[in-house]
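Chemist: Pasting input24.cif here (mmCIF, C-alpha atoms):
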```cif
data_work
#
loop_
_atom_site.label_atom_id
_atom_site.label_comp_id
_atom_site.auth_asym_id
_atom_site.auth_seq_id
_atom_site.Cartn_x
_atom_site.Cartn_y
_atom_site.Cartn_z
CA MET L 236 -62.73 61.12 -30.90
CA THR L 237 -59.21 59.78 -31.16
CA ALA L 238 -58.45 57.90 -34.35
CA ILE L 239 -56.27 54.80 -34.27
CA SER L 240 -53.04 55.01 -36.17
CA PRO L 241 -52.57 51.96 -38.39
CA THR L 242 -48.79 52.31 -38.03
CA ARG L 243 -48.71 52.47 -34.25
CA LYS L 244 -46.66 49.61 -32.85
CA PRO L 245 -46.37 48.79 -29.17
CA ALA L 246 -43.01 48.88 -27.51
CA VAL L 247 -41.65 45.38 -26.94
CA THR L 248 -40.05 44.56 -23.60
CA THR L 249 -38.17 41.48 -22.46
CA ALA L 250 -41.15 40.49 -20.32
CA SER L 251 -43.52 40.73 -23.28
CA LEU L 252 -41.36 38.28 -25.26
CA THR L 253 -41.96 35.50 -22.72
CA PRO L 254 -44.59 33.10 -24.14
CA LEU L 255 -47.92 33.00 -22.33
CA THR L 256 -49.20 29.73 -20.92
CA TRP L 257 -52.99 29.64 -20.66
CA THR L 258 -54.73 27.17 -18.34
CA ALA L 259 -58.34 26.60 -17.35
CA ASP L 260 -59.77 29.31 -15.11
CA VAL L 261 -62.15 28.85 -12.17
CA LEU L 262 -64.88 30.24 -14.47
CA ALA L 263 -66.17 27.92 -17.17
CA GLY L 264 -65.27 29.12 -20.64
CA PHE L 265 -62.37 31.23 -19.40
CA GLU L 266 -58.59 30.77 -19.26
CA GLN L 267 -55.90 32.39 -17.16
CA THR L 268 -52.19 33.09 -17.34
CA THR L 269 -49.84 34.37 -14.66
CA LEU L 270 -47.66 37.41 -15.36
CA SER L 271 -44.72 38.49 -13.23
CA SER L 272 -44.04 42.06 -12.17
CA THR L 273 -41.22 43.80 -10.32
CA PRO L 274 -40.90 42.38 -6.78
CA ALA L 275 -42.40 44.57 -4.05
CA ALA L 276 -41.42 45.15 -0.43
CA ASP L 277 -43.50 42.15 0.66
CA GLY L 278 -41.95 39.76 -1.85
CA PRO L 279 -42.56 38.40 -5.37
CA ILE L 280 -45.50 39.79 -7.36
CA GLU L 281 -47.62 37.68 -9.68
CA ILE L 282 -50.70 38.99 -11.44
CA VAL L 283 -53.28 36.84 -13.15
CA LEU L 284 -54.73 37.77 -16.53
CA VAL L 285 -58.02 36.09 -17.47
CA ARG L 286 -59.49 35.77 -20.95
CA ARG L 287 -62.77 34.55 -22.36
CA ARG L 288 -61.85 31.60 -24.55
CA HIS L 289 -61.85 32.43 -28.27
CA PRO L 290 -60.86 30.26 -31.23
CA GLN L 291 -58.70 33.04 -32.66
CA PRO L 292 -57.01 36.17 -31.21
CA GLY L 293 -58.76 39.42 -32.03
CA SER L 294 -57.39 42.88 -32.72
CA ALA L 295 -60.09 44.69 -30.72
CA ALA L 296 -60.35 43.92 -27.02
CA VAL L 297 -61.32 45.11 -23.56
CA LEU L 298 -59.22 44.91 -20.39
CA TYR L 299 -61.36 44.89 -17.24
CA VAL L 300 -60.01 46.09 -13.86
CA HIS L 301 -62.02 45.28 -10.71
CA GLY L 302 -62.48 47.23 -7.48
CA PHE L 303 -61.44 46.91 -3.82
CA VAL L 304 -62.47 43.64 -2.10
CA ASP L 305 -63.15 42.33 -5.58
CA TYR L 306 -61.95 40.19 -8.47
CA PHE L 307 -63.33 39.32 -11.91
CA PHE L 308 -66.36 37.02 -11.87
CA GLN L 309 -68.93 38.89 -14.03
CA ILE L 310 -69.28 36.37 -16.87
CA HIS L 311 -72.24 38.22 -18.38
CA LEU L 312 -70.08 41.33 -18.81
CA ALA L 313 -67.64 39.32 -20.91
CA ASP L 314 -70.59 37.97 -22.92
CA PHE L 315 -71.82 41.51 -23.58
CA TYR L 316 -68.43 42.58 -24.90
CA ALA L 317 -68.19 39.47 -27.07
CA ALA L 318 -71.52 40.43 -28.64
CA GLN L 319 -69.98 43.83 -29.46
CA GLY L 320 -67.07 42.16 -31.25
CA LEU L 321 -64.50 42.67 -28.49
CA HIS L 322 -62.30 39.94 -27.05
CA PHE L 323 -62.48 40.02 -23.27
CA TYR L 324 -59.61 40.11 -20.79
CA ALA L 325 -59.68 40.83 -17.06
CA LEU L 326 -56.83 41.56 -14.69
CA ASP L 327 -56.88 40.50 -11.05
CA LEU L 328 -54.61 43.16 -9.55
CA ARG L 329 -51.76 42.18 -7.24
CA ARG L 330 -52.93 40.92 -3.84
CA HIS L 331 -56.49 40.52 -5.14
CA GLY L 332 -58.46 37.43 -6.12
CA ARG L 333 -56.50 34.99 -8.26
CA SER L 334 -53.34 37.07 -7.76
CA LEU L 335 -53.38 36.92 -3.94
CA ARG L 336 -50.41 34.97 -2.56
CA PRO L 337 -49.92 33.56 0.97
CA HIS L 338 -47.20 36.08 1.87
CA GLN L 339 -49.42 39.08 1.03
CA LEU L 340 -52.00 41.16 2.89
CA PRO L 341 -55.26 40.96 0.90
CA ASN L 342 -55.93 44.02 -1.27
CA PHE L 343 -53.12 46.03 0.37
CA THR L 344 -51.00 48.69 -1.29
CA THR L 345 -49.16 51.84 -0.29
CA ASP L 346 -48.88 53.24 -3.81
CA ILE L 347 -51.51 53.35 -6.55
CA ASP L 348 -48.69 53.17 -9.10
CA GLU L 349 -48.31 49.48 -8.23
CA TYR L 350 -51.64 48.92 -9.97
CA LEU L 351 -50.58 51.02 -12.94
CA ALA L 352 -47.54 48.74 -13.22
CA ASP L 353 -49.88 45.72 -13.31
CA ILE L 354 -51.77 47.27 -16.22
CA ASP L 355 -48.45 47.93 -17.99
CA VAL L 356 -47.59 44.24 -17.83
CA ALA L 357 -51.06 43.21 -19.00
CA ILE L 358 -51.12 45.59 -21.98
CA ALA L 359 -47.62 44.48 -22.98
CA ALA L 360 -48.85 40.88 -23.01
CA LEU L 361 -51.96 41.73 -25.02
CA SER L 362 -49.91 43.63 -27.59
CA ALA L 363 -47.13 41.08 -27.97
CA HIS L 364 -49.09 37.83 -27.75
CA GLU L 365 -52.79 38.47 -28.34
CA GLN L 366 -52.51 40.76 -31.40
CA VAL L 367 -54.57 43.48 -29.70
CA ASP L 368 -54.28 46.87 -31.40
CA TRP L 369 -57.55 48.49 -30.26
CA LEU L 370 -58.13 48.49 -26.53
CA LEU L 371 -60.94 49.57 -24.22
CA LEU L 372 -59.88 49.95 -20.58
CA ASN L 373 -62.87 49.22 -18.31
CA GLY L 374 -62.50 49.95 -14.59
CA HIS L 375 -64.98 49.54 -11.74
CA SER L 376 -64.83 51.48 -8.43
CA THR L 377 -61.17 51.48 -7.29
CA GLY L 378 -60.40 49.94 -10.67
CA GLY L 379 -62.10 52.98 -12.19
CA LEU L 380 -59.74 55.27 -10.28
CA VAL L 381 -56.80 53.17 -11.45
CA ALA L 382 -58.01 53.10 -15.06
CA ALA L 383 -58.48 56.87 -15.12
CA LEU L 384 -54.97 57.48 -13.82
CA TYR L 385 -53.55 54.95 -16.27
CA ALA L 386 -55.23 56.60 -19.24
CA HIS L 387 -53.88 59.92 -17.96
CA ARG L 388 -50.23 59.00 -17.36
CA GLY L 389 -49.68 55.25 -17.70
CA THR L 390 -46.60 54.15 -19.61
CA ARG L 391 -48.70 52.56 -22.36
CA ARG L 392 -51.58 55.04 -22.30
CA GLN L 393 -51.25 55.62 -26.04
CA GLN L 394 -52.35 52.02 -26.52
CA VAL L 395 -55.63 52.73 -24.71
CA ASP L 396 -58.24 53.83 -27.25
CA ALA L 397 -61.27 54.29 -24.99
CA VAL L 398 -62.06 54.19 -21.26
CA PHE L 399 -65.26 53.04 -19.56
CA LEU L 400 -65.57 53.79 -15.84
CA ASN L 401 -68.29 51.97 -13.91
CA SER L 402 -68.95 53.88 -10.64
CA PRO L 403 -65.35 55.08 -10.30
CA PHE L 404 -63.91 55.74 -6.82
CA LEU L 405 -62.95 59.37 -7.49
CA ASP L 406 -63.40 60.65 -3.93
CA MET L 407 -63.86 59.33 -0.40
CA ASN L 408 -67.46 58.83 0.58
CA ILE L 409 -67.26 60.89 3.76
CA PRO L 410 -68.82 64.15 5.03
CA ALA L 411 -67.13 67.41 4.04
CA TRP L 412 -65.81 68.11 7.55
CA GLN L 413 -64.16 64.68 7.68
CA ALA L 414 -62.65 65.23 4.24
CA ARG L 415 -61.21 68.52 5.48
CA LEU L 416 -59.98 67.43 8.91
CA VAL L 417 -59.86 63.65 9.31
CA GLU L 418 -58.85 62.43 5.85
CA PRO L 419 -55.48 64.28 5.75
CA LEU L 420 -54.69 63.03 9.25
CA LEU L 421 -55.40 59.40 8.37
CA ALA L 422 -53.41 59.75 5.17
CA ALA L 423 -50.45 61.12 7.13
CA LEU L 424 -50.70 58.25 9.61
CA GLY L 425 -50.67 55.87 6.67
CA GLY L 426 -47.21 57.09 5.76
CA VAL L 427 -45.90 56.22 9.23
CA PHE L 428 -48.08 53.25 10.21
CA PRO L 429 -49.13 51.71 6.88
CA LYS L 430 -50.54 48.54 8.49
CA MET L 431 -52.65 50.33 11.08
CA ARG L 432 -56.24 49.09 10.72
CA LEU L 433 -59.08 51.50 10.03
CA PRO L 434 -62.85 50.93 10.24
CA GLY L 435 -63.93 48.46 7.56
CA LEU L 436 -66.71 48.27 5.00
CA SER L 437 -70.36 47.63 5.71
CA PRO L 438 -71.53 44.14 4.62
CA VAL L 439 -74.78 45.57 3.21
CA TYR L 440 -73.57 45.89 -0.38
CA ALA L 441 -72.11 42.38 -0.56
CA GLN L 442 -75.32 41.01 0.96
CA SER L 443 -77.33 42.82 -1.69
CA ILE L 444 -75.52 41.08 -4.58
CA HIS L 445 -74.65 37.57 -3.32
CA ALA L 446 -77.15 34.82 -4.10
CA ASN L 447 -76.90 33.42 -0.55
CA PHE L 448 -78.37 36.67 0.78
CA HIS L 449 -80.49 39.05 -1.33
CA GLY L 450 -78.76 39.09 -4.73
CA GLU L 451 -78.49 36.89 -7.81
CA TRP L 452 -74.71 36.47 -8.11
CA ASN L 453 -72.35 33.77 -6.93
CA PHE L 454 -68.77 34.76 -6.16
CA ASP L 455 -65.94 33.28 -4.12
CA THR L 456 -66.16 34.79 -0.64
CA ARG L 457 -62.53 33.87 0.03
CA TRP L 458 -61.63 36.53 -2.55
CA LYS L 459 -64.62 38.80 -1.98
CA PRO L 460 -65.73 38.34 1.65
CA ILE L 461 -69.19 39.50 2.65
CA ASP L 462 -67.63 41.45 5.54
CA GLY L 463 -64.79 42.71 3.36
CA PHE L 464 -61.05 42.72 4.02
CA PRO L 465 -59.40 45.03 6.58
CA ILE L 466 -58.72 48.59 5.47
CA TYR L 467 -55.18 49.69 6.29
CA ALA L 468 -53.90 53.22 6.70
CA GLY L 469 -51.28 52.70 3.99
CA TRP L 470 -54.01 51.79 1.49
CA PHE L 471 -56.06 54.79 2.60
CA ARG L 472 -53.06 57.07 2.01
CA ALA L 473 -52.48 55.64 -1.46
CA ILE L 474 -56.11 56.21 -2.44
CA HIS L 475 -56.12 59.69 -0.90
CA GLN L 476 -53.08 60.70 -2.96
CA ALA L 477 -54.59 59.26 -6.14
CA GLN L 478 -57.85 61.12 -5.56
CA GLU L 479 -55.98 64.36 -4.94
CA GLU L 480 -54.46 63.89 -8.40
CA VAL L 481 -57.95 63.43 -9.87
CA ALA L 482 -59.18 66.56 -8.08
CA ARG L 483 -56.43 68.60 -9.77
CA GLY L 484 -57.72 67.43 -13.15
CA LEU L 485 -56.55 64.75 -15.57
CA ALA L 486 -55.87 64.87 -19.30
CA ILE L 487 -57.27 61.61 -20.68
CA ALA L 488 -56.97 62.03 -24.44
CA CYS L 489 -59.23 59.21 -25.63
CA PRO L 490 -63.05 58.99 -25.29
CA CYS L 491 -64.17 58.30 -21.73
CA LEU L 492 -67.59 57.09 -20.58
CA VAL L 493 -68.53 57.42 -16.90
CA LEU L 494 -71.65 55.62 -15.69
CA HIS L 495 -72.97 55.73 -12.13
CA ALA L 496 -76.16 55.02 -10.22
CA GLU L 497 -78.83 57.70 -10.12
CA ARG L 498 -78.62 57.98 -6.34
CA SER L 499 -76.67 56.87 -3.28
CA LEU L 500 -77.89 55.49 0.04
CA TRP L 501 -76.05 54.89 3.30
CA PRO L 502 -78.07 52.17 5.06
CA LYS L 503 -77.02 50.58 8.35
CA ALA L 504 -78.85 47.35 7.48
CA TRP L 505 -80.16 45.72 4.33
CA SER L 506 -83.50 46.88 2.96
CA GLU L 507 -85.18 46.60 -0.42
CA ALA L 508 -84.14 50.19 -1.18
CA VAL L 509 -80.48 49.20 -1.52
CA MET L 510 -81.36 47.23 -4.67
CA GLY L 511 -81.63 50.48 -6.61
CA ALA L 512 -78.85 52.69 -5.26
CA ASP L 513 -75.09 52.93 -4.79
CA THR L 514 -74.50 52.00 -1.14
CA VAL L 515 -70.69 52.23 -1.39
CA LEU L 516 -69.85 55.58 -3.00
CA ASN L 517 -71.45 59.01 -3.37
CA VAL L 518 -72.63 59.53 -6.94
CA ALA L 519 -72.47 63.30 -6.40
CA ASP L 520 -68.66 62.97 -6.28
CA MET L 521 -68.68 61.22 -9.65
CA ARG L 522 -70.89 63.88 -11.20
CA ARG L 523 -68.62 66.62 -9.85
CA LEU L 524 -65.26 65.11 -10.83
CA ALA L 525 -65.98 63.27 -14.07
CA PRO L 526 -65.85 66.37 -16.32
CA GLY L 527 -62.26 67.01 -15.19
CA LEU L 528 -60.98 63.62 -16.33
CA GLY L 529 -60.30 64.58 -19.92
CA ARG L 530 -61.38 66.26 -23.12
CA GLN L 531 -64.00 63.72 -24.28
CA VAL L 532 -65.92 62.64 -21.20
CA GLU L 533 -69.53 61.47 -21.40
CA THR L 534 -71.42 60.89 -18.14
CA HIS L 535 -74.76 59.18 -17.52
CA ALA L 536 -76.77 58.18 -14.45
CA ILE L 537 -78.37 54.72 -14.52
CA LEU L 538 -81.86 54.62 -13.05
CA GLY L 539 -82.09 51.78 -10.54
CA GLY L 540 -78.36 51.14 -10.67
CA MET L 541 -76.32 49.71 -7.81
CA HIS L 542 -72.62 50.24 -7.06
CA ASP L 543 -71.43 47.74 -9.62
CA LEU L 544 -73.84 48.70 -12.34
CA VAL L 545 -73.51 45.39 -14.18
CA LEU L 546 -74.63 43.56 -11.00
CA SER L 547 -77.76 45.71 -10.72
CA PRO L 548 -81.27 44.28 -11.20
CA PRO L 549 -82.13 43.36 -14.82
CA ALA L 550 -83.84 46.62 -15.82
CA ALA L 551 -80.87 48.72 -14.70
CA ARG L 552 -78.40 46.33 -16.35
CA GLU L 553 -80.30 46.73 -19.60
CA ARG L 554 -79.93 50.51 -19.31
CA VAL L 555 -76.17 50.01 -18.94
CA TRP L 556 -76.02 47.91 -22.12
CA GLN L 557 -78.22 50.41 -24.00
CA THR L 558 -75.81 53.22 -23.07
CA LEU L 559 -72.50 51.38 -23.35
CA GLY L 560 -73.21 49.60 -26.64
CA PRO L 561 -73.84 52.69 -28.82
CA TRP L 562 -70.96 54.57 -27.16
CA LEU L 563 -68.62 51.70 -28.01
CA ALA L 564 -69.87 51.69 -31.59
CA ARG L 565 -69.17 55.41 -31.88
CA CYS L 566 -65.66 54.96 -30.49
CA ARG L 567 -64.84 52.08 -32.80
CA SER L 568 -66.22 53.88 -35.83
CA GLN L 569 -63.24 56.20 -35.54
CA GLN L 570 -60.84 53.29 -36.14
CA VAL L 571 -58.71 53.66 -39.23
CA PRO L 572 -59.15 50.61 -41.52
#
```
What is this file in structure tokens?
Modeler:
Amino acid sequence: MTAISPTRKPAVTTASLTPLTWTADVLAGFEQTTLSSTPAADGPIEIVLVRRRHPQPGSAAVLYVHGFVDYFFQIHLADFYAAQGLHFYALDLRRHGRSLRPHQLPNFTTDIDEYLADIDVAIAALSAHEQVDWLLLNGHSTGGLVAALYAHRGTRRQQVDAVFLNSPFLDMNIPAWQARLVEPLLAALGGVFPKMRLPGLSPVYAQSIHANFHGEWNFDTRWKPIDGFPIYAGWFRAIHQAQEEVARGLAIACPCLVLHAERSLWPKAWSEAVMGADTVLNVADMRRLAPGLGRQVETHAILGGMHDLVLSPPAARERVWQTLGPWLARCRSQQVP
């Protein structure tokens, strides 16, 4: 595993010198600050960084990156990391959740590198203002795809010491003939008609996790609608290109843990069976592509797991903690005093 150099110092940028102003977050016990990034074609970009309130900054931390039609709300995940001795931070990517602005299309992008730029800004802030010098990058679903690419070629990838991918979106969940014939066509159309709408997501997964339906979790349906946000061809193209990069193989240098559900299901309506399967992505794609992410990749299937493994029923969540905790301990044991 990669040892941490005690002399490594993060590069300091003008943006990182700007003091952070933390205010109360929508989640009790959390704070947020707004970071600015380079303006995009649709106007100014602001990204919101959330932290679990701590009396003192800590040198070891985790930066969590959510998925598509998602934002950070998993308080118990932050609690788990705190119990492991890590300070918790989460990034709501541009046009998502807390970072969504009135002039923006929800969750839209035409270039995955926009999200890598968001992580750049966040890591710069953590290094300059929060005294973080050991960092776990934790990505879920689309955030897992983003985190993998960042650890592979992000500007500040050398400041990432370990990567945990929770059901990463490494390939489209479509039949092989559609991947061969339809996917390239839609991706090409996305380059010409980026705001062309495509078929959206099934509501089954959101129904399976929200407390108003069949789940145990409360989240803001303005930021994470049960029926999802529209999928646009430009977003599809951006994801397609990112996944092609993954298919060619990445070179993540630090330890990488990939966890996914034991099985996938593709239900047309909710049933009890969806409470123990990934109903969003195909876990076979994760098994196939995970070994090509880097030199130190460890992969495990979680019995009874759902798409977001930490939102799975209690027994499956416990299996996540029992796998993630020891792996984290092994990674941190390589830290140079």
Chemist: Quick one: pull the distance between atom CA of Pro549 of chain L and atom CA of Arg457 of chain L, Å, one decimal.
Modeler: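 Taking atom CA of Pro549 of chain L and atom CA of Arg457 of chain L, their separation equals 26.4 Å.
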Chemist: One decimal, Å: what's the distance from atom CA of Leu544 of chain L over to atom CA of Ala360 of chain L, could you say?
Modeler: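 It comes out at 28.3 Å.
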Chemist: Could you tell me which of L:Asn342, L:Gln393, L:Asn408, L:Ser443 comes closest to Phe464 of chain L if we count all atoms listed in the file?
Modeler: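 Using all atoms listed in the file, the shortest distance to Phe464 of chain L belongs to L:Asn342.
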Chemist: I'd like the residues picked by the PyMOL selection byres ((chain L and resi 518) around 12) written out as a VMD selection string, using the chain letters and numbers from the file.
Modeler: chain L and resid 376 401 to 408 493 to 501 512 to 517 519 to 525 534 to 537 540 to 542
Chemist: Could you check the closest approach to Arg391 of chain L for each of L:Pro419, L:Gln291, L:Ile354, L:Arg530 and tell me which residue wins, using all atoms listed in the file?
Modeler: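 The answer is L:Ile354, which sits nearest to Arg391 of chain L.
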Chemist: If you take all atoms listed in the file and a cut-off of 12 Å, which residues of segment 364-425 of chain L touch segment 473-488 of chain L, and what are their nearest atom pairs and distances in Å to one decimal, in chain and number order, as CSV?
Modeler:
```
residue,atom,partner,partner_atom,distance
L:Leu372,CA,L:Ile487,CA,11.9
L:Ser376,CA,L:Ile474,CA,11.6
L:Thr377,CA,L:Ile474,CA,8.5
L:Gly378,CA,L:Ile474,CA,11.2
L:Gly379,CA,L:Gln478,CA,11.3
L:Leu380,CA,L:Ala477,CA,7.7
L:Val381,CA,L:Ala477,CA,8.4
L:Ala382,CA,L:Ile487,CA,10.2
L:Ala383,CA,L:Ile487,CA,7.4
L:Leu384,CA,L:Leu485,CA,7.6
L:Tyr385,CA,L:Ile487,CA,8.8
L:Ala386,CA,L:Ile487,CA,5.6
L:His387,CA,L:Ile487,CA,4.7
L:Arg388,CA,L:Ile487,CA,8.2
L:Gly389,CA,L:Ile487,CA,10.3
L:Arg392,CA,L:Ile487,CA,8.8
L:Gln393,CA,L:Ala488,CA,8.7
L:Gln394,CA,L:Ala488,CA,11.2
L:Val395,CA,L:Ala488,CA,9.4
L:Asp396,CA,L:Ala488,CA,8.8
L:Ala397,CA,L:Ala488,CA,8.9
L:Val398,CA,L:Ile487,CA,8.9
L:Phe399,CA,L:Ile487,CA,11.8
L:Pro403,CA,L:Gln478,CA,10.7
L:Phe404,CA,L:Gln478,CA,8.2
L:Leu405,CA,L:Gln478,CA,5.7
L:Asp406,CA,L:Gln478,CA,5.8
L:Met407,CA,L:His475,CA,7.8
L:Asn408,CA,L:His475,CA,11.5
L:Ala414,CA,L:His475,CA,10.0
L:Val417,CA,L:His475,CA,11.6
L:Glu418,CA,L:His475,CA,7.8
L:Pro419,CA,L:His475,CA,8.1
L:Leu420,CA,L:His475,CA,10.8
L:Leu421,CA,L:His475,CA,9.3
L:Ala422,CA,L:His475,CA,6.6
L:Ala423,CA,L:His475,CA,9.9
L:Leu424,CA,L:Ala473,CA,11.5
L:Gly425,CA,L:Ala473,CA,8.3
```
Chemist: Using only C-alpha atoms, give me every residue within 12 Å of (-70.4, 41.4, -28.8) in file coordinates, as a PyMOL selection string.
Modeler: chain L and resi 295-297+311-323+556+559-561+563-564
Chemist: Looking at L:Glu533, L:Ser568, L:Val509, L:Ala275, which one is nearest to Thr345 of chain L, with distances taken over all atoms listed in the file?
Modeler: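 Going through L:Glu533, L:Ser568, L:Val509, L:Ala275 one by one, the smallest distance to Thr345 of chain L is for L:Ala275.
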Chemist: Evaluate the PyMOL selection byres ((chain L and resi 290) around 12) on the structure here and hand back the selected residues as a list in words.
Modeler: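 This file gives the following for the PyMOL selection byres ((chain L and resi 290) around 12): Gly264, Phe265, Arg286, Arg287, Arg288, His289, Gln291, Pro292, Gly293, His322 and Glu365 of chain L.
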